[in-house]
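Structure, as structure tokens:
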Amino acid sequence: MNRLFTAEIVRNDPMDNGYFALQVTPDVEISEPDIGQFFMIKTGESIDPLLLRPFSFVDFIPPNDKYPNGSLMFLIGAVGKGTNILKHLAVGMRLSVIGPLGQGFPPVASDEILFIVAGGIGIASVLGLTNVNPNTPFFYGVRTKELIPDMVWFNYTGINTFTTSDDGSIGFAGSVLELLEKQVSEFKRGCGGKIKIYACGPNGMYRAMAGMNLDADVYVSLETPMACGIGTCLGCAVDTVNGLKMVCKDGPVFNLKDIIWDG
Amino acid sequence: MNLSVNIGGLELKNPVVTASGTFGYGVEYAEFLDLNLIGAITVKGLSLRPAKGNPPGRVWETPCGMLNAIGLQNIGIDAFIKDKLPELRKYDTKIIANFFGDTIEEYVEAAAALSAADGVHALEMNISCPNKQAGWIAFGTDPALTEKVVTAARRATKLPLIVKLSPNVTSIADMARAAVNGGADALSVINTITGMAIDIETRRPRLSNIVGGLSGPAIRPIAVRMVFQAAKAVTVPIIGMGGIMTGGDAIEFILAGASAVAIGTANFVNPAASVEVLDSIKDYIVRNRIDDINTLVGGIIC
Ligand SMILES: Cc1cc2nc3c(=O)[nH]c(=O)nc-3n(C[C@H](O)[C@H](O)[C@H](O)COP(=O)(O)OP(=O)(O)OC[C@H]3O[C@@H](n4cnc5c(N)ncnc54)[C@H](O)[C@@H]3O)c2cc1C
Ligand SMILES: Cc1cc2nc3c(=O)[nH]c(=O)nc-3n(C[C@H](O)[C@H](O)[C@H](O)COP(=O)(O)O)c2cc1C
Ligand code: FES
């Protein structure tokens, strides 16, 4: 299947808080991506910025009459040069895209219960999980209420959200991990059983999780700067107990216990 | 219209090759382009033993370019010959094996091992590496050392030997002459230019290795100048590279004196860049009614 393709922007809606919802439809058939996989997107024709930018997709809408090759939904934070250009591209423009890339979240076994954890914009890579695992507890930590993206653009079901904010402006005041830890131990005391945790957030959150004594199988989606996205430049290395791995090819989803965090 | 070129004994059907370290071991790109179309594939720099490379924090984007400090991570010559070459032999293109060592002996051993392999058509020696025996001074920054290591490798191979020059020198002409005196059949010009970037919030370097190699369009004028100067200094053919994104960029290198061009960082931006550059070179040739691309080499008017 074509992993290098062009796609037409069919929707590009800015939100007040700096996020934007981008929907594109590929010009050719692409393979259906797994949740946790990502796409490299060229943010314009210019050589500055030069490199493509990696983005997880929130949702893949299968081919239909309107979009014969389906469409991809992205939730993106405008943080720097490339994302601020992308944010202003008009509907009808075409983007150069590579993907789907990397390894997504592993399947959840029938005897396991899934907990999802998102920190900030990390919500973009795990939101799609709620579609396949309805009613899953979803722990979502933000700095403040205003930073919650508007979800009207996205199709998701059965979300059972525990929101936390650093400043207490919404939900539980404090760290999302604090709430997660509480819920995990409550669950263990209650019905028990095996827990899988799928998380996406900043590295600091993962480090903290690695230090916690969570009785669960934890998978996290890592972010590193990337050049190629396809495993050839060897730029996105991460240290693991199995040696150096490439985030773009061997990840971005890794078992948390395999990651070696430096000093 | 003739597009074929001869690079020190290496016959290429056209002048477009891929640059080492930017095209993996070649096979990874088969899904994105028809590998049979390009003149040659230069594979990731190989060493006798597998190399782990530098710690994470290896790439960083800069204006119109990127810094890398991969640290020459590679699978090693044995694994390359066993696992990658059989796959590469299926394609009708030439394979250039880029290699390096920590010592002169390692260069010699690597050259010999690669020459014995079925399916390697030429060797490209990366001399932008520190020399363990001489206080880690790069082989490619001291002309006497360059000549010495090239002379030694020359004796170890009958294949066309391409020496890839480091741009981190005062006189590229002196380095070109040193490599040719050592027995180089051709030169690759240029490798990445040393650079660095700092995160002003954390005050830490962007790369774990602190310094890295700059590549991409940001370095193109420097690379064109160095190809021009090297071509004036020696008569062996030159593979020009450094920031080529388009066919027009490639023609610029050819006019400066390159007989072939290598596509590097552009492969990251567009995995099919090499064939697109080739197509656009063809357009230029047709548009300018040129029968033989070789007549363009060094065709700058000044
Ligand atoms: C696998 C993966 C999935 C991602 N999914 C999403 C997503 O769904 N939504 C979203 O908003 N963001 C996502 N990101 C982060 C996103 O790639 C960066 O925010 C983006 O590259 C920033 O580009 P910029 O030009 O605006 O920023 P600049 O700061 O100008 O970028 C400078 C350079 O640093 C790189 N860079 C900066 N921040 C990051 C980062 N966090 N991760 C990797 N590279 C970075 C850029 O790619 C660029 O090469 C993801 C990152 C990865 C690795
Ligand atoms: C990520 C990366 C890895 C590279 N690895 C090698 C290498 O292993 N050996 C080598 O001789 N040159 C290596 N190079 C240098 C390129 O082959 C080329 O000389 C340089 O990048 C300039 O061309 P460009 O601007 O088109 O990329 C590497 C460059 C990059 C960007
Ligand atoms: S980004 Fe190039 S190897 Fe991962």
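A note on labels: chains of the structure tokens are A, B, ... as shown, every chain counts residues from 1, and ligands are counted from 1 in their shown order.
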
Write down, as a PyMOL selection string, each residue of chain B that has any atom within 7 Å of an atom of chain A, counting only C-alpha atoms.
-> chain B and resi 21-24+32+56+58-60+63-65+70+268-269

Could you please write out, as a PyMOL selection string, every residue of range 149-255 of chain B that DSSP assigns to alpha helix (DSSP H)?
-> chain B and resi 149-155+172-181+220-233+247-255

Could you take the residues named above and write them with N, CA and C atoms, as a short mmCIF file (atom, residue, chain, number, x, y, z; two decimals), in the first residue's frame?
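And here's again20.cif as it stands now:
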data_model
loop_
_atom_site.label_atom_id
_atom_site.label_comp_id
_atom_site.auth_asym_id
_atom_site.auth_seq_id
_atom_site.Cartn_x
_atom_site.Cartn_y
_atom_site.Cartn_z
N VAL B 149 46.12 7.31 4.76
CA VAL B 149 45.02 6.33 4.93
C VAL B 149 44.46 5.93 3.56
N VAL B 150 44.45 6.86 2.62
CA VAL B 150 43.94 6.52 1.28
C VAL B 150 44.91 5.56 0.58
N THR B 151 46.21 5.83 0.72
CA THR B 151 47.22 4.95 0.11
C THR B 151 47.05 3.52 0.63
N ALA B 152 46.83 3.41 1.94
CA ALA B 152 46.70 2.08 2.54
C ALA B 152 45.44 1.37 2.04
N ALA B 153 44.32 2.09 1.98
CA ALA B 153 43.07 1.49 1.53
C ALA B 153 43.15 1.13 0.04
N ARG B 154 43.83 1.99 -0.70
CA ARG B 154 44.00 1.78 -2.15
C ARG B 154 44.59 0.40 -2.44
N ARG B 155 45.57 0.00 -1.61
CA ARG B 155 46.24 -1.28 -1.82
C ARG B 155 45.32 -2.45 -1.51
N ILE B 172 40.00 22.94 0.64
CA ILE B 172 39.44 21.69 0.09
C ILE B 172 40.33 21.22 -1.07
N ALA B 173 40.98 22.16 -1.76
CA ALA B 173 41.85 21.79 -2.89
C ALA B 173 43.02 20.93 -2.39
N ASP B 174 43.60 21.32 -1.25
CA ASP B 174 44.71 20.53 -0.70
C ASP B 174 44.26 19.12 -0.34
N MET B 175 43.05 19.02 0.22
CA MET B 175 42.55 17.70 0.62
C MET B 175 42.25 16.85 -0.61
N ALA B 176 41.72 17.50 -1.64
CA ALA B 176 41.42 16.77 -2.88
C ALA B 176 42.71 16.22 -3.48
N ARG B 177 43.76 17.04 -3.50
CA ARG B 177 45.05 16.59 -4.05
C ARG B 177 45.63 15.46 -3.22
N ALA B 178 45.49 15.58 -1.88
CA ALA B 178 46.03 14.54 -1.01
C ALA B 178 45.35 13.20 -1.28
N ALA B 179 44.02 13.24 -1.44
CA ALA B 179 43.27 12.00 -1.68
C ALA B 179 43.67 11.39 -3.02
N VAL B 180 43.83 12.23 -4.03
CA VAL B 180 44.21 11.73 -5.36
C VAL B 180 45.65 11.20 -5.34
N ASN B 181 46.53 11.87 -4.61
CA ASN B 181 47.90 11.36 -4.48
C ASN B 181 47.91 9.99 -3.82
N ARG B 220 24.22 24.32 0.82
CA ARG B 220 24.43 24.14 -0.61
C ARG B 220 25.45 25.11 -1.22
N PRO B 221 25.39 26.41 -0.93
CA PRO B 221 26.38 27.30 -1.55
C PRO B 221 27.82 26.94 -1.16
N ILE B 222 27.99 26.47 0.06
CA ILE B 222 29.34 26.06 0.50
C ILE B 222 29.77 24.84 -0.29
N ALA B 223 28.85 23.90 -0.45
CA ALA B 223 29.16 22.67 -1.17
C ALA B 223 29.48 22.95 -2.64
N VAL B 224 28.70 23.83 -3.26
CA VAL B 224 28.95 24.17 -4.67
C VAL B 224 30.35 24.78 -4.81
N ARG B 225 30.66 25.67 -3.88
CA ARG B 225 32.00 26.31 -3.91
C ARG B 225 33.10 25.26 -3.77
N MET B 226 32.90 24.30 -2.86
CA MET B 226 33.94 23.30 -2.64
C MET B 226 34.09 22.34 -3.82
N VAL B 227 32.99 22.01 -4.47
CA VAL B 227 33.06 21.17 -5.67
C VAL B 227 33.84 21.92 -6.75
N PHE B 228 33.54 23.18 -6.89
CA PHE B 228 34.22 24.04 -7.88
C PHE B 228 35.73 24.05 -7.63
N GLN B 229 36.10 24.27 -6.35
CA GLN B 229 37.53 24.34 -6.03
C GLN B 229 38.22 22.99 -6.18
N ALA B 230 37.55 21.92 -5.76
CA ALA B 230 38.15 20.58 -5.87
C ALA B 230 38.32 20.22 -7.35
N ALA B 231 37.31 20.55 -8.16
CA ALA B 231 37.38 20.21 -9.59
C ALA B 231 38.51 20.94 -10.29
N LYS B 232 38.84 22.11 -9.79
CA LYS B 232 39.97 22.87 -10.37
C LYS B 232 41.30 22.24 -9.97
N ALA B 233 41.31 21.58 -8.77
CA ALA B 233 42.57 21.09 -8.23
C ALA B 233 42.96 19.71 -8.75
N GLY B 247 16.21 19.22 -9.34
CA GLY B 247 17.05 19.02 -10.51
C GLY B 247 17.92 20.24 -10.78
N GLY B 248 17.35 21.41 -10.54
CA GLY B 248 18.11 22.64 -10.74
C GLY B 248 19.33 22.69 -9.82
N ASP B 249 19.13 22.28 -8.59
CA ASP B 249 20.26 22.24 -7.64
C ASP B 249 21.34 21.29 -8.17
N ALA B 250 20.92 20.15 -8.69
CA ALA B 250 21.86 19.15 -9.19
C ALA B 250 22.66 19.72 -10.36
N ILE B 251 21.98 20.41 -11.27
CA ILE B 251 22.65 21.01 -12.43
C ILE B 251 23.71 22.01 -11.97
N GLU B 252 23.38 22.74 -10.90
CA GLU B 252 24.34 23.72 -10.37
C GLU B 252 25.66 23.02 -9.99
N PHE B 253 25.54 21.86 -9.32
CA PHE B 253 26.74 21.11 -8.94
C PHE B 253 27.50 20.61 -10.17
N ILE B 254 26.75 20.17 -11.18
CA ILE B 254 27.40 19.65 -12.39
C ILE B 254 28.16 20.79 -13.09
N LEU B 255 27.53 21.95 -13.17
CA LEU B 255 28.21 23.10 -13.79
C LEU B 255 29.45 23.49 -13.00
#

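The gap separating CA of Ile96 in chain B from CA of Asp185 in chain B is 13.3 Å, in Å to one decimal.
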
Return as a PyMOL selection string the residues of protein, DNA or RNA that approach ligand 1 to within 7 Å, with only C-alpha atoms and all ligand atoms taken into account.
-> (chain A and resi 38+49+51-57+74-84+121-122+124-125+221-226+248+252) or (chain B and resi 60-61)

Within 8 Å of ligand 2 (only C-alpha atoms and all ligand atoms), residues as an NGL selection string = (:A and (227 or 233-235)) or (:B and (18-22 or 43-46 or 59 or 65-70 or 72-74 or 98-100 or 124-128 or 164 or 188-192 or 213-220 or 241-245 or 262-266))

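CA of Gly140 in chain B sits 23.2 Å away from CA of Ser208 in chain B.
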
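All residues within range 207-287 of chain B that the backbone DSSP calculation assigns to strand (DSSP E) are Val211, Gly212, Gly213, Leu214, Ser215, Ile238, Ile239, Gly240, Met241, Ala260, Val261, Ala262 and Ile263 of chain B.
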